[in-house]
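Student: A single structure is presented below for examination.
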There are 2 protein chains.
Amino acid sequence: MQLASLRTDPPKESEMNDVASPERLHPAAAQIVRRSLHDELIERMRALITDGSLAPGQKVPEKALCEQFGVSRTPLREALKVLAHEGLVELIPNRGATVARLTVEDLDEVFPIMGALEALAGELACTNIDDAALAEIERAHVQMIACYAAQDLDGYFSHNQAIHDAITHAAGNPMLAAMQSGLAGRVRRARYLANMSQERWAAAVAEHEEMLAALRKRDGTGLGRVLKRHLENKCATVKEALAARDAETGEART
Amino acid sequence: MQLASLRTDPPKESEMNDVASPERLHPAAAQIVRRSLHDELIERMRALITDGSLAPGQKVPEKALCEQFGVSRTPLREALKVLAHEGLVELIPNRGATVARLTVEDLDEVFPIMGALEALAGELACTNIDDAALAEIERAHVQMIACYAAQDLDGYFSHNQAIHDAITHAAGNPMLAAMQSGLAGRVRRARYLANMSQERWAAAVAEHEEMLAALRKRDGTGLGRVLKRHLENKCATVKEALAARDAETGEART
DNA sequence: ATAAATAATTTTGAATGCAAAATGCAACAG
DNA sequence: CTGTTGCATTTTGCATTCAAAATTATTTAT
């Protein structure tokens, strides 16, 4: 859960150009971005965990990471504290940090929350979204359907993700977006080991059609309801996959 | 503000028997609870911030806090990183930490999220709550109504809080509870400067009656809807109070 | 005098040092 | 052999130290 504003630059009055126009004349005129080490490390280690370089259950090799990143233990340990707070690592007193495992119980806790947040995002998006953003979603939707037709799971996931991100973004609530991304990060690994059945996949696609219909009508409550149901189904799928895998590999691994 | 020192003094080996005396035999081997300093500090500093000992906008006096707590800067800074992540503190590079201000925009972001989470908690509570827990809520409700009748705002707030906590607890989702408490912590200060109008107060009481009715019927969706509306009204009240105060004290203070 | 420039002090971010705890390993008894 | 015990090594938590940056105080120039 990353709520903080965590601003890295000193409060200059030129805040309007946060993302756009890095350089005006010379590249050297770009705003000097000073990030603290711990901030950078949070991001890097989060990436290492979510992309699987650091496997669940594994001990976090403090010393090795320090050497690899070329930093001392202090900022790295600060980053670990934050990641522990986020739920990505587990901190055991006097025994260091381990990458958090994801249990079926965790999924049962996280997915309802994600469902509630997505439903909220959908409602807000319906009142705030403009035509351009809607068109963008339509486009991603078409591409996703094409991937479904071609049975291209990777492509499907990627466009799917884009749609949900777009909805979240259209909601216009940065803190909501941060919380969603934090929760999504926790379950990301599990989501990718879900090999949907044909029925489930078809159902998911149908739900996406509903979502788009609700969005076009700017039907906030309707979209919220669909999104919530969508997440519930996703949860069931992921749980099955996780349970199957736990069973075959002699209990909890991811 | 007098704070007890965390450490006794130099860590001698005589510290080993301070935890070892509970029970050896029958009540099973009680877990030895060892807390790390940074963990303890997170809690203490969170308390200092939410109870107002550290005022919003104020710089966090690193050195002074270290002396008061009797710890070095390392664990305290680790705690600050976590609190920054939680949104209670703002970290500005090379300029230290300040207690986060709460703007009207923040409220507009936080309250809808709290509403969605409370609605979820209500739904879950309806499927999970047992009669004992419901009776407990009924009791708190009656007391709260009595406080309303007596126009005792403090008492009202306290029983109100107890009811919402009980619902959250009945939901049986620890992560949901943690997120709710984190968000509540961010807006706690603002909530107490809301001096409700008589109409708003009456409306809030009416909403609580609805909540209880829904709970008795185990009507999850109904309870969720009431809770969401309840939070929306609370948000409006708090925003008004905050806006009024900002206006009179020359812009953002809390 | 006021404002700019510079020096002194404090504060901050990060590296290093150190003692307690945990872990690995070898010697030894059964 | 197996499993316990004692010792050496590594890891961990925290304190301390150090350099860079920011803040304050002081001096100098106008």
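Labels used: A, B, ... for chains in the order of the structure tokens, numbers from 1 for residues in each chain, and numbers from 1 for ligands as shown.
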Could you superimpose chain B onto chain A using every C-alpha atom, matched in order, and tell me the RMSD in Å?
Tutor: 6.3 Å
Student: Can you list, as a PyMOL selection string, every protein, DNA or RNA residue that comes within 9 Å of Gly185 in chain B when you count only C-alpha atoms (C1' of nucleotides), leaving out same-chain residues fewer than 3 positions away?
Tutor: chain B and resi 46+50+88+180-182+188-189
Student: Can you pull out every residue within 10 Å of DT26 in chain D, counting only C-alpha atoms (C1' of nucleotides), but drop anything in the same chain fewer than 4 positions away, and send it as a list in words?
Tutor: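 Answer for this query is DT6, DA7 and DA8 of chain C.
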Student: Could you write out as a ChimeraX atom specification the residues of chain B within 7 Å of chain C, counting only C-alpha atoms (C1' of nucleotides)?
Tutor: /B:94-96
Student: Could those selected residues go to a file with C-alpha atoms, as a compact mmCIF listing (two decimals), in the first residue's frame?
Tutor:
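Just written: selection-v8.txt:
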# COMPACT_ATOMS: atom_id res chain seq x y z
CA ASN B 94 17.82 16.72 2.34
CA ARG B 95 15.21 18.57 4.31
CA GLY B 96 13.92 15.93 6.62
Student: With only C-alpha atoms (C1' of nucleotides) as the basis for distance, which of A:Pro61, A:Pro75, A:Pro112, A:Gly172 is at the shortest distance from chain D?
Tutor: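 Closest candidate: A:Pro61.
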Student: Go through D:DG13, D:DA25, D:DC18, D:DT30 one by one, measure the shortest atom-to-atom distance of each to chain B using only C-alpha atoms (C1' of nucleotides), and give the residue with the smallest value.
Tutor: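 Ranking D:DG13, D:DA25, D:DC18, D:DT30 by distance to chain B, first place goes to D:DG13.
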Student: Counting only C-alpha atoms (C1' of nucleotides), which residues of chain B come no farther than 12 Å from chain D, as a PyMOL selection string?
Tutor: chain B and resi 7+10-11+35-38+66+70-78+93-96
Student: Out of A:Asn173, A:Asn128, A:Asn233, A:Asn195, which residue has the shortest atom-to-atom distance to chain B when counting only C-alpha atoms?
Tutor: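 Using only C-alpha atoms, chain B sits closest to A:Asn173.
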Student: Run DSSP on the backbone of this structure and report the residues of range 18-237 of chain A it assigns to alpha helix (DSSP H), as a PyMOL selection string.
Tutor: chain A and resi 37-50+62-69+73-86+104-128+131-149+153-171+174-192+198-216+220-237
Student: Skip range 139-147 of chain B itself and residues of its chain fewer than 2 positions away, then list as number ranges by chain all residues within 9 Å of it, counting only C-alpha atoms (C1' of nucleotides).
Tutor: B: 134-137, 149-160, 162-163, 205, 208-209, 212
Student: Choose the residue, out of B:Leu176, B:Ile167, B:Val33, B:Ala64, that has the smallest atom-to-atom separation from chain A; count only C-alpha atoms.
Tutor: B:Leu176
Student: Would you list which chain B residues are within 7 Å of chain A using only C-alpha atoms, as a list in words?
Tutor: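 Taking only C-alpha atoms into account, Ser36, Glu78, Lys81, Val82, Ala84, His85, Glu86, Gly87, Glu90, Leu91, Ile92, Pro93, Glu109, Ile113, Ala116, Leu117, Leu120, Asn173, Met175 and Leu176 of chain B sit within 7 Å of chain A.
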Student: Closest to Ala100 in chain B among B:Ile129, B:Ala55, B:Gln68, B:Ala214, using only C-alpha atoms?
Tutor: B:Ala55
Student: In range 65-183 of chain B, what's strand (DSSP E or B) per DSSP? Answer as a ChimeraX atom specification?
Tutor: /B:89-92,96-99
Student: Write a file of the just-selected residues containing C-alpha atoms, as a PDB file, in the first residue's frame.
Tutor:
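Dumped everything to result-v9.pdb:
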ATOM      1  CA  VAL B  89       4.658  12.117   7.244  1.00  0.00           C
ATOM      2  CA  GLU B  90       6.144  13.834   4.234  1.00  0.00           C
ATOM      3  CA  LEU B  91       9.775  13.222   3.424  1.00  0.00           C
ATOM      4  CA  ILE B  92      11.587  15.944   1.538  1.00  0.00           C
ATOM      5  CA  GLY B  96      13.923  15.928   6.615  1.00  0.00           C
ATOM      6  CA  ALA B  97      10.433  14.922   7.606  1.00  0.00           C
ATOM      7  CA  THR B  98       7.354  17.009   8.306  1.00  0.00           C
ATOM      8  CA  VAL B  99       4.015  15.890   9.646  1.00  0.00           C
TER       9      VAL B  99
END
